[in-house]
Each structure stands twice: as structure tokens, then as C-alpha cells.
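Structure file entry.cif (mmCIF, C-alpha atoms) follows.
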data_structure
loop_
_atom_site.label_atom_id
_atom_site.label_comp_id
_atom_site.auth_asym_id
_atom_site.auth_seq_id
_atom_site.Cartn_x
_atom_site.Cartn_y
_atom_site.Cartn_z
CA MET V 55 -3.28 20.81 7.25
CA VAL V 56 -0.71 18.88 9.28
CA GLU V 57 -0.58 20.17 12.85
CA ASP V 58 2.65 18.48 13.97
CA ILE V 59 4.60 16.14 11.71
CA ASN V 60 6.21 14.32 14.63
CA VAL V 61 2.86 13.47 16.21
CA ARG V 62 1.42 12.62 12.81
CA ILE V 63 4.27 10.22 11.97
CA VAL V 64 3.83 8.29 15.21
CA ASP V 65 0.03 8.37 14.86
CA ASP V 66 0.30 6.75 11.44
CA LEU V 67 2.81 4.14 12.65
CA VAL V 68 0.51 3.21 15.54
CA ALA V 69 -2.56 3.17 13.28
CA ASN V 70 -0.74 0.65 11.08
CA GLY V 71 -0.04 -1.65 14.01
CA VAL V 72 3.60 -0.69 14.62
CA THR V 73 4.31 -1.24 18.33
CA LEU V 74 8.12 -1.52 18.41
CA ILE V 75 10.29 1.28 17.08
CA THR V 76 14.05 1.33 17.20
CA THR V 77 15.97 4.54 16.66
CA VAL V 78 19.48 5.83 16.17
CA PRO V 79 19.55 9.57 16.69
CA CYS V 80 19.99 12.39 14.20
CA LYS V 81 19.51 16.08 15.03
CA GLN V 82 16.70 16.24 12.47
CA LEU V 83 14.94 13.31 14.16
CA ALA V 84 15.15 14.54 17.75
CA GLU V 85 11.49 15.53 18.03
CA VAL V 86 10.06 12.41 16.39
CA ILE V 87 12.29 10.24 18.60
CA ARG V 88 10.96 12.13 21.64
CA GLU V 89 7.42 11.44 20.42
CA VAL V 90 8.26 7.72 20.03
CA GLU V 91 9.74 7.60 23.53
CA TYR V 92 6.69 9.04 25.24
CA ARG V 93 3.95 7.45 23.12
CA GLU V 94 1.73 5.06 25.03
CA GLY V 95 1.63 1.59 23.49
CA VAL V 96 4.91 1.95 21.60
CA LEU V 97 7.98 0.09 22.80
CA HIS V 98 10.98 2.30 22.00
CA ILE V 99 14.30 0.46 21.87
CA PRO V 100 17.21 2.77 21.08
CA SER V 101 19.93 0.96 19.12
CA ASN V 102 23.65 1.58 19.27
CA LYS V 103 23.99 0.89 15.57
CA GLU V 104 21.41 0.58 12.84
CA ASP V 105 22.15 -3.03 11.87
CA GLU V 106 21.54 -4.02 15.47
CA GLY V 107 18.20 -2.21 15.16
CA MET V 108 17.32 -4.25 12.09
CA GLY V 109 18.00 -7.43 14.06
CA LEU V 110 15.62 -6.22 16.77
CA CYS V 111 12.97 -5.44 14.17
CA ALA V 112 13.36 -8.86 12.52
CA GLY V 113 12.96 -10.62 15.86
CA ALA V 114 9.96 -8.46 16.77
CA PHE V 115 8.29 -9.28 13.46
CA MET V 116 8.76 -13.00 14.00
CA GLY V 117 7.31 -12.53 17.49
CA GLY V 118 4.13 -11.06 16.04
CA ARG V 119 4.81 -7.33 16.30
CA ARG V 120 5.15 -4.82 13.53
CA ALA V 121 8.37 -2.85 13.90
CA ALA V 122 10.00 0.18 12.31
CA ILE V 123 13.40 1.87 12.34
CA ILE V 124 14.19 5.59 12.42
CA MET V 125 17.73 6.54 11.43
CA GLN V 126 19.94 8.88 9.39
CA ASN V 127 20.91 8.24 5.76
CA THR V 128 24.50 7.48 6.79
CA ALA V 129 22.99 4.25 8.15
CA VAL V 130 22.36 3.02 4.62
CA GLY V 131 26.10 2.49 4.43
CA VAL V 132 26.13 0.67 7.76
CA THR V 133 23.24 -1.68 7.07
CA ILE V 134 23.68 -3.06 3.55
CA ASN V 135 24.53 -6.54 4.80
CA ALA V 136 21.65 -6.63 7.30
CA LEU V 137 19.26 -5.36 4.64
CA THR V 138 20.24 -7.97 2.07
CA THR V 139 21.02 -11.09 4.12
CA LEU V 140 18.38 -10.64 6.84
CA ILE V 141 15.56 -8.26 5.95
CA GLN V 142 15.34 -9.02 2.22
CA TYR V 143 16.49 -12.65 2.34
CA TYR V 144 13.86 -13.65 4.92
CA ARG V 145 11.27 -11.25 3.46
CA ILE V 146 10.67 -9.11 6.53
CA PRO V 147 8.68 -5.89 6.19
CA LEU V 148 10.61 -2.91 7.54
CA PRO V 149 9.57 0.73 7.27
CA MET V 150 12.69 2.90 7.48
CA LEU V 151 12.15 6.57 8.24
CA ILE V 152 15.44 8.11 7.20
CA SER V 153 16.61 11.68 7.73
CA TYR V 154 18.36 12.70 4.53
CA ARG V 155 21.28 14.94 5.39
CA GLY V 156 23.69 16.48 2.93
CA GLY V 157 21.35 18.50 0.70
CA LEU V 158 20.86 22.21 0.07
CA GLY V 159 21.61 24.27 3.15
CA GLU V 160 23.72 21.50 4.72
CA PRO V 161 26.39 23.08 6.94
CA VAL V 162 28.48 19.93 7.49
CA ALA V 163 30.55 19.02 4.43
CA CYS V 164 31.02 15.39 5.38
CA GLN V 165 27.25 14.78 5.28
CA VAL V 166 27.38 15.39 1.52
CA GLU V 167 29.79 12.47 1.09
CA MET V 168 27.13 9.94 2.11
CA ALA V 169 24.25 11.90 0.60
CA VAL V 170 25.66 11.49 -2.92
CA HIS V 171 25.57 7.70 -2.52
CA THR V 172 22.31 7.27 -0.61
CA GLU V 173 19.80 7.06 -3.44
CA ALA V 174 22.12 5.03 -5.66
CA LEU V 175 22.64 2.46 -2.91
CA LEU V 176 18.91 2.17 -2.22
CA ALA V 177 18.27 1.79 -5.94
CA GLU V 178 21.01 -0.84 -6.24
CA LEU V 179 19.35 -2.79 -3.42
CA ASN V 180 15.93 -2.53 -5.14
CA ILE V 181 14.51 -0.90 -2.03
CA PRO V 182 11.29 1.01 -2.74
CA THR V 183 12.10 4.62 -1.87
CA PHE V 184 9.77 7.54 -1.21
CA HIS V 185 10.61 11.17 -0.54
CA PHE V 186 9.27 13.60 2.02
CA ARG V 187 10.25 17.08 0.86
CA ARG V 188 7.40 19.23 2.15
CA THR V 189 5.26 18.99 5.27
CA ALA V 190 2.26 17.84 3.25
CA ASP V 191 4.21 14.80 2.02
CA VAL V 192 3.59 13.18 5.41
CA GLU V 193 0.08 12.52 4.06
CA ASP V 194 1.63 9.61 2.11
CA LEU V 195 2.94 7.85 5.20
CA ASP V 196 -0.18 5.79 5.85
CA LYS V 197 -0.11 4.45 2.28
CA ILE V 198 3.63 3.77 2.45
CA LEU V 199 3.20 1.76 5.64
CA LYS V 200 0.35 -0.28 4.13
CA PHE V 201 2.54 -0.86 1.06
CA THR V 202 5.44 -2.05 3.25
CA PHE V 203 3.37 -4.59 5.17
CA MET V 204 1.68 -5.70 1.95
CA CYS V 205 4.91 -6.54 0.11
CA ASN V 206 7.16 -7.69 3.02
CA LYS V 207 10.11 -5.55 1.96
CA PRO V 208 12.30 -2.92 3.53
CA VAL V 209 10.98 0.45 2.36
CA ALA V 210 12.88 3.71 2.64
CA ILE V 211 11.34 7.10 3.34
CA LEU V 212 13.97 9.72 2.65
CA SER V 213 12.89 12.73 4.67
CA HIS V 214 14.70 15.81 3.42
CA THR V 215 15.80 18.69 5.61
CA SER V 216 13.10 20.85 3.99
CA PHE V 217 10.53 18.42 5.41
CA TRP V 218 11.87 18.89 8.92
CA GLY V 219 11.89 22.69 8.61
CA GLY V 220 15.50 23.38 7.69
CA TYR V 221 18.82 23.23 9.52
CA MET E 203 34.54 -30.01 24.78
CA ILE E 204 33.68 -28.39 21.44
CA ARG E 205 30.50 -26.63 20.31
CA SER E 206 28.88 -29.63 18.60
CA GLU E 207 29.37 -31.76 21.73
CA ILE E 208 27.68 -29.04 23.78
CA PHE E 209 24.82 -28.89 21.27
CA ARG E 210 24.29 -32.65 21.62
CA GLU E 211 24.06 -32.25 25.38
CA ILE E 212 21.67 -29.30 25.36
CA ALA E 213 19.51 -30.41 22.40
CA PRO E 214 16.89 -32.04 24.70
CA VAL E 215 16.67 -28.77 26.67
CA LEU E 216 16.44 -26.64 23.53
CA ARG E 217 13.82 -28.82 21.88
CA ASP E 218 10.46 -27.02 21.74
CA ARG E 219 12.10 -23.81 22.99
CA LEU E 220 12.37 -20.84 20.65
CA VAL E 221 15.99 -20.78 19.51
CA VAL E 222 17.75 -18.17 17.38
CA CYS E 223 20.98 -19.72 16.15
CA ASN E 224 24.07 -17.93 14.96
CA ILE E 225 25.26 -17.90 11.34
CA GLY E 226 27.56 -20.50 9.85
CA ILE E 227 28.74 -23.72 11.42
CA PRO E 228 26.70 -23.28 14.65
CA SER E 229 23.45 -23.30 12.66
CA GLN E 230 24.69 -26.18 10.50
CA GLU E 231 25.53 -28.21 13.61
CA LEU E 232 22.23 -27.52 15.35
CA TYR E 233 20.32 -28.27 12.15
CA ALA E 234 22.09 -31.61 11.74
CA ILE E 235 21.87 -32.59 15.43
CA ASP E 236 18.23 -31.74 16.09
CA ASP E 237 16.35 -29.70 13.52
CA GLN E 238 13.15 -28.25 14.95
CA PRO E 239 10.58 -25.78 13.61
CA THR E 240 11.26 -23.81 16.79
CA ASN E 241 14.80 -23.13 15.54
CA PHE E 242 15.51 -19.98 13.55
CA TYR E 243 18.72 -20.47 11.58
CA MET E 244 20.66 -17.41 10.53
CA LEU E 245 22.09 -17.94 7.06
CA GLY E 246 23.84 -14.58 7.00
CA THR E 247 24.32 -11.35 8.96
CA MET E 248 27.07 -12.10 11.46
CA GLY E 249 26.49 -10.52 14.85
CA LEU E 250 22.73 -10.15 14.97
CA ALA E 251 21.59 -13.38 16.68
CA SER E 252 21.37 -11.64 20.06
CA SER E 253 19.49 -8.67 18.58
CA ILE E 254 16.98 -10.91 16.78
CA GLY E 255 16.56 -12.93 19.97
CA LEU E 256 15.97 -9.83 22.08
CA GLY E 257 13.42 -8.44 19.61
CA LEU E 258 11.62 -11.79 19.66
CA ALA E 259 11.67 -12.02 23.46
CA LEU E 260 10.28 -8.50 23.80
CA SER E 261 7.43 -9.32 21.43
CA GLN E 262 5.92 -12.52 22.80
CA PRO E 263 5.91 -14.37 26.14
CA LYS E 264 7.68 -17.68 25.38
CA PRO E 265 11.28 -18.17 26.50
CA VAL E 266 13.86 -17.41 23.81
CA VAL E 267 17.39 -18.82 23.69
CA ALA E 268 19.75 -16.97 21.35
CA ILE E 269 22.85 -19.01 20.64
CA ASP E 270 25.72 -16.73 19.75
CA GLY E 271 29.48 -16.99 19.44
CA ASP E 272 32.26 -14.93 20.98
CA GLY E 273 33.35 -13.61 17.60
CA SER E 274 29.80 -12.64 16.67
CA VAL E 275 29.20 -10.88 19.98
CA LEU E 276 32.45 -8.96 19.51
CA THR E 277 31.21 -7.72 16.14
CA ASN E 278 28.02 -6.34 17.77
CA LEU E 279 29.29 -5.54 21.25
CA GLY E 280 26.69 -2.79 21.72
CA THR E 281 24.06 -5.51 21.91
CA LEU E 282 25.05 -6.25 25.51
CA ALA E 283 24.17 -2.67 26.51
CA THR E 284 20.86 -2.86 24.66
CA ILE E 285 20.04 -6.19 26.33
CA ALA E 286 20.94 -4.85 29.77
CA ASN E 287 18.82 -1.74 29.38
CA ASN E 288 15.75 -3.45 27.90
CA VAL E 289 15.25 -6.38 30.23
CA ALA E 290 13.27 -9.31 28.87
CA ASP E 291 13.04 -12.00 31.52
CA ASN E 292 12.16 -14.58 28.88
CA PHE E 293 15.51 -14.04 27.16
CA ILE E 294 18.64 -16.15 27.49
CA LEU E 295 21.78 -15.31 25.54
CA LEU E 296 24.01 -18.36 25.34
CA ILE E 297 27.45 -17.34 24.10
CA ILE E 298 29.51 -20.32 22.98
CA ASP E 299 32.91 -18.80 23.71
CA ASN E 300 35.50 -21.02 22.08
CA GLY E 301 37.94 -18.17 21.59
CA SER E 302 37.84 -18.48 17.83
CA TYR E 303 36.06 -17.59 14.63
CA GLY E 304 34.93 -21.16 14.00
CA SER E 305 33.21 -20.76 10.65
CA THR E 306 36.18 -19.10 9.00
CA GLY E 307 39.07 -21.32 10.00
CA ASP E 308 39.35 -20.99 13.78
CA GLN E 309 41.25 -17.72 13.81
CA PRO E 310 41.64 -16.56 17.44
CA THR E 311 39.29 -13.90 18.84
CA TYR E 312 40.08 -11.36 21.54
CA ALA E 313 37.63 -13.20 23.81
CA GLY E 314 40.10 -16.08 23.82
CA ALA E 315 42.87 -13.70 24.87
CA ARG E 316 42.49 -10.79 27.31
CA THR E 317 38.80 -9.89 26.85
CA SER E 318 36.17 -11.32 29.18
CA LEU E 319 32.69 -11.23 27.63
CA ALA E 320 31.16 -12.08 31.01
CA ARG E 321 32.76 -8.99 32.53
CA VAL E 322 31.77 -6.88 29.54
CA ALA E 323 28.17 -8.07 29.97
CA GLU E 324 28.30 -7.20 33.67
CA ALA E 325 29.80 -3.79 32.93
CA CYS E 326 26.99 -3.19 30.43
CA GLY E 327 24.51 -3.71 33.25
CA CYS E 328 23.39 -7.31 32.69
CA GLU E 329 22.42 -8.58 36.14
CA ARG E 330 22.44 -12.34 35.71
CA VAL E 331 25.67 -13.37 34.01
CA VAL E 332 26.92 -16.94 34.33
CA GLU E 333 30.28 -18.14 33.07
CA CYS E 334 30.71 -21.88 32.87
CA ARG E 335 32.76 -24.62 31.24
CA GLY E 336 31.26 -26.48 28.30
CA GLU E 337 30.49 -29.50 30.50
CA ALA E 338 28.25 -27.35 32.74
CA THR E 339 26.27 -25.72 29.94
CA ARG E 340 23.21 -27.94 30.22
CA ASP E 341 22.87 -27.23 33.94
CA ALA E 342 23.42 -23.49 33.39
CA LEU E 343 20.78 -23.43 30.67
CA GLU E 344 18.25 -25.35 32.75
CA ASP E 345 18.92 -23.02 35.71
CA ALA E 346 18.45 -19.98 33.49
CA LEU E 347 15.15 -21.27 32.13
CA ALA E 348 13.96 -22.10 35.65
CA SER E 349 15.01 -18.68 37.00
CA GLY E 350 12.59 -16.73 34.84
CA GLU E 351 15.20 -13.99 34.68
CA MET E 352 17.14 -12.67 31.75
CA THR E 353 20.44 -14.52 31.74
CA ILE E 354 23.68 -14.25 29.82
CA ILE E 355 25.60 -17.54 29.78
CA VAL E 356 29.21 -17.42 28.64
CA CYS E 357 30.22 -20.98 27.94
CA LYS E 358 34.01 -21.34 27.78
CA CYS E 359 34.87 -24.29 25.57
CA ASP E 360 37.37 -25.62 23.08
CA SER E 361 37.74 -24.49 19.50
CA GLY E 362 36.64 -26.92 16.82
CA ASN E 363 33.86 -27.75 14.39
CA ALA E 364 31.92 -30.83 13.39
CA LYS E 365 31.72 -31.47 9.65
CA MET E 366 28.09 -30.81 8.78
CA PRO E 367 26.35 -29.98 5.50
CA VAL E 368 25.34 -26.45 4.54
CA ILE E 369 21.68 -25.66 5.26
CA THR E 370 19.82 -25.59 1.96
CA MET E 371 16.36 -24.86 3.37
CA ASP E 372 14.95 -21.69 1.85
CA PRO E 373 15.14 -18.69 4.21
CA VAL E 374 11.45 -17.92 3.81
CA THR E 375 10.63 -21.53 4.74
CA ILE E 376 12.84 -21.23 7.84
CA ARG E 377 11.13 -17.99 8.81
CA ASP E 378 7.62 -19.19 8.00
CA ARG E 379 7.76 -22.42 9.97
CA PHE E 380 9.49 -20.59 12.82
CA MET E 381 6.72 -17.98 12.97
CA ALA E 382 4.12 -20.74 12.97
CA ALA E 383 5.95 -22.36 15.91
CA VAL E 384 6.11 -19.01 17.74
CA ALA E 385 2.37 -18.51 17.29
CA ASP E 386 1.47 -22.12 18.15
#

Serialized structure, C-alpha cells:
Amino acid sequence: MVEDINVRIVDDLVANGVTLITTVPCKQLAEVIREVEYREGVLHIPSNKEDEGMGLCAGAFMGGRRAAIIMQNTAVGVTINALTTLIQYYRIPLPMLISYRGGLGEPVACQVEMAVHTEALLAELNIPTFHFRRTADVEDLDKILKFTFMCNKPVAILSHTSFWGGY
Amino acid sequence: MIRSEIFREIAPVLRDRLVVCNIGIPSQELYAIDDQPTNFYMLGTMGLASSIGLGLALSQPKPVVAIDGDGSVLTNLGTLATIANNVADNFILLIIDNGSYGSTGDQPTYAGARTSLARVAEACGCERVVECRGEATRDALEDALASGEMTIIVCKCDSGNAKMPVITMDPVTIRDRFMAAVAD
């Protein structure tokens, strides 16, 4: 039984040695970002744009920290160059917790426009991609983080609206 | 004074410091003038030198010099707000502001026209911002290192590039030897 997914997500990040987390907000991510901000031992650096966040994470990794990014799926469109020419090219591990807007129940039509491309873009980039659809799926996070730091790749966790409890 | 002439002057100051160098001709010039394992060369990803440098500075205690260009800073202007609001006193951002996109044919940038990156940095909340001419860069850099305070240096210089070969070192080799130098 998962008590609080936001606490659990940050617990698992910390347990896997992640001490720098950069975020770009999404309504779905508000609570987990709050948890990141107030968690002892985690340096939270909000980014203005997600590719900037990936630069921060790359620098942190080379400085000996493990870093992660939390962002919305629209960011996949923003970050393709940073993902390929920085994160993948230099083989930097990067867990990406991504809120996946634009599915069933979505009230904002424009979110669907990026949703229909999200998985295809991640697949085109050969980015290992995992899905969180139900609360219990958070149980996989620890294994996903270990996988990410084992293989030195960017890894996407597409967290659906159903995971976050709806719109 | 053009970028490569500035690099020749500051190379003895940069040596053994952790340096994150901007994509394109700046990295090629620094690599040719004084390659060091303490240099991280960006082979792609225009605009992120300052972000990589800040992440590095926030993650270990050694001084970090990120060498950026005016065009690259303009493409990631939000970085100046992030830098100002997450102070790392071991971080120096050296912006070589030659008013042009040097790696792509010296097209003019807005920083060479009406836009002042020093004033943008100040407006973003950066407290120690130094604008200097190319000839004064070495002194400004030495002052910044001695200050122990986060510093943004905007070095106003002439447009122009030295003819240097493309870096063929593998990116993972660049990253690996750099990380070893960071940890050393």
C-alpha cells in the first residue's frame, strides 16, 4: 500500500543517491515539486526551460552528484537536442519523471497535440520508457532508478493522469 | 582583440581550473591553444555551457569557469535568472561577447546592438557583474577567482575566429577524463 506517492517518489530518489533535482512545473506535478522543495538533503533547482535543466543535471553528474528532472511531456519537444547531443552523446544517466498530459479526461485540447507525439519521439530517440498508470506502479521506481544509473542513459517515466488521481 | 587572442592570454589562469567551454569554435580554439583534462568541451547543445557550469559548481567545491558566448547566452537567457537565484560562489561565467555568432559565419547578435548582457545579468539579480574589454579579461578573471564570489564577466571584444581543427576526441573520453580531473 502506497501512503503518499509524492513522498514515495522523493524517498526513492533519495534512496538511490539523487541529491539534485530540477523541475519545470505542471499542475499534475505540483505536490511532488513541493515535496522536492522541502526535502532535507535535496538541492532543488527550478529551471526556466527543460533543456536548461538537463544542462544543470549534466554538470551535477560530472561534479559527482546524481541528478533528476521532473517535467511535463511537452518538454520532450523542447529537449530533443539536449537529449541527443548532451545527455546521450556524453552518456549521462538522467531519470526523467514526466507528467503525461493529453489522455482520457484531458480538458485542454492543445495538450493532446503533444501527447500524440510523445511516445513516438521517445521511441525514435531510443529512450527507455516506463509507464505509471496506477498508484501501485510507483513500486517500480526504485528499479527504474537503478536501471538508469546502471546504463548511463536518459530514462523516461511517463506518469499518466490516472496515476496522479485524475484532473 | 578576438576570442582566440583572449584565450591565449587567459590560458595560464584557466590551466588546472575546471572549465566548461562553449560549443563550436570556442572549444576548438581552447583545445588547440591549451588542451587540459580539466576542460570540458561541448561538442553540441548550443546555450547550455552556463547551465552545465552551474550544475558542476553546485555539486563540488572547486572553482568552475564556464566560457560562454553572447549568442549562446541569448539562446538560454533564463540561465542568468537561475544563476542569480542559486548562488554558487565557486562559479564564474565568462561571456565572450564579440557581438556575433562566431561559429556560423559571424552573423551579428543583439548583444552587439542594443542589448547589454551585463545589464540583463544585473536585472536578473546577479550581484557581481563585471564588464571589461578583451585586453582586461585576464585581470578580471584573476580578480573573480580571488574574490571567492560568483561573478559574471562580460568581455566585450572583436568578432573573429582562429582557424583550428574540429575536435575529434570522443565525447565519452572528454567526459571521463574531465570527471577524473574533477575528482582528483

Practice problem: Please write as a list of chain:residue names the full residue list that the PyMOL selection byres ((chain V) within 6 of (chain E)) yields on this file. | Solution: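 Those residues are V:Asn102, V:Glu106, V:Gly109, V:Leu110, V:Ala112, V:Gly113, V:Ala114, V:Met116, V:Gly117, V:Ala136, V:Thr139, V:Tyr144.
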
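For the atom pair formed by atom CA of E:Leu343 and atom CA of E:Arg217, the distance is 12.4 Å, given to one decimal.
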
Quiz prompt | Non-local contacts of E:Arg330 (9 Å; all atoms listed in the file; under 3 positions in same chain excluded) as a list in words | solution =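 The neighbour list is Glu324, Ala346, Glu351, Met352, Thr353, Ile354 and Ile355 of chain E.
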
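Nearest residue to V:Glu167, choosing from V:Leu148, V:Arg155, V:Tyr143, V:Thr215 and counting all atoms listed in the file: V:Arg155.
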
Self-check item: Interatomic distance (Å, one decimal) between atom CA of V:Leu199 and atom CA of V:Leu140
Solution: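 Atom CA of V:Leu140 lies 19.6 Å from atom CA of V:Leu199.
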
Find the residues near E:Ala313: any atom within 7 Å, counting only C-alpha atoms, skip ones fewer than 6 places away on the same chain, and give them as an mmCIF file with C-alpha atoms, keeping the file's coordinate frame.
data_model
loop_
_atom_site.group_PDB
_atom_site.id
_atom_site.type_symbol
_atom_site.label_atom_id
_atom_site.label_comp_id
_atom_site.auth_asym_id
_atom_site.auth_seq_id
_atom_site.Cartn_x
_atom_site.Cartn_y
_atom_site.Cartn_z
ATOM 1 C CA ASP E 272 32.260 -14.930 20.980
ATOM 2 C CA GLY E 301 37.940 -18.170 21.590
ATOM 3 C CA LEU E 319 32.690 -11.230 27.630
#

Practice problem: Choose the residue, out of V:Gly219, V:Pro208, V:Pro79, V:Pro147, that has the smallest atom-to-atom separation from V:Thr128; count all atoms listed in the file. | Solution: V:Pro79

Output check: residues returned by the PyMOL selection byres ((chain E and resi 233) around 12), as a PDB file with C-alpha atoms, in the frame of the given file:
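Saved result, result_14.pdb, follows:
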ATOM      1  CA  SER E 206      28.880 -29.630  18.600  1.00  0.00           C
ATOM      2  CA  PHE E 209      24.820 -28.890  21.270  1.00  0.00           C
ATOM      3  CA  ARG E 210      24.290 -32.650  21.620  1.00  0.00           C
ATOM      4  CA  ALA E 213      19.510 -30.410  22.400  1.00  0.00           C
ATOM      5  CA  ARG E 217      13.820 -28.820  21.880  1.00  0.00           C
ATOM      6  CA  VAL E 221      15.990 -20.780  19.510  1.00  0.00           C
ATOM      7  CA  VAL E 222      17.750 -18.170  17.380  1.00  0.00           C
ATOM      8  CA  CYS E 223      20.980 -19.720  16.150  1.00  0.00           C
ATOM      9  CA  ASN E 224      24.070 -17.930  14.960  1.00  0.00           C
ATOM     10  CA  ILE E 225      25.260 -17.900  11.340  1.00  0.00           C
ATOM     11  CA  GLY E 226      27.560 -20.500   9.850  1.00  0.00           C
ATOM     12  CA  ILE E 227      28.740 -23.720  11.420  1.00  0.00           C
ATOM     13  CA  PRO E 228      26.700 -23.280  14.650  1.00  0.00           C
ATOM     14  CA  SER E 229      23.450 -23.300  12.660  1.00  0.00           C
ATOM     15  CA  GLN E 230      24.690 -26.180  10.500  1.00  0.00           C
ATOM     16  CA  GLU E 231      25.530 -28.210  13.610  1.00  0.00           C
ATOM     17  CA  LEU E 232      22.230 -27.520  15.350  1.00  0.00           C
ATOM     18  CA  ALA E 234      22.090 -31.610  11.740  1.00  0.00           C
ATOM     19  CA  ILE E 235      21.870 -32.590  15.430  1.00  0.00           C
ATOM     20  CA  ASP E 236      18.230 -31.740  16.090  1.00  0.00           C
ATOM     21  CA  ASP E 237      16.350 -29.700  13.520  1.00  0.00           C
ATOM     22  CA  GLN E 238      13.150 -28.250  14.950  1.00  0.00           C
ATOM     23  CA  PRO E 239      10.580 -25.780  13.610  1.00  0.00           C
ATOM     24  CA  THR E 240      11.260 -23.810  16.790  1.00  0.00           C
ATOM     25  CA  ASN E 241      14.800 -23.130  15.540  1.00  0.00           C
ATOM     26  CA  PHE E 242      15.510 -19.980  13.550  1.00  0.00           C
ATOM     27  CA  TYR E 243      18.720 -20.470  11.580  1.00  0.00           C
ATOM     28  CA  MET E 244      20.660 -17.410  10.530  1.00  0.00           C
ATOM     29  CA  LEU E 245      22.090 -17.940   7.060  1.00  0.00           C
ATOM     30  CA  ALA E 364      31.920 -30.830  13.390  1.00  0.00           C
ATOM     31  CA  MET E 366      28.090 -30.810   8.780  1.00  0.00           C
ATOM     32  CA  PRO E 367      26.350 -29.980   5.500  1.00  0.00           C
ATOM     33  CA  VAL E 368      25.340 -26.450   4.540  1.00  0.00           C
ATOM     34  CA  ILE E 369      21.680 -25.660   5.260  1.00  0.00           C
ATOM     35  CA  THR E 370      19.820 -25.590   1.960  1.00  0.00           C
ATOM     36  CA  MET E 371      16.360 -24.860   3.370  1.00  0.00           C
ATOM     37  CA  ILE E 376      12.840 -21.230   7.840  1.00  0.00           C
TER      38      ILE E 376
END
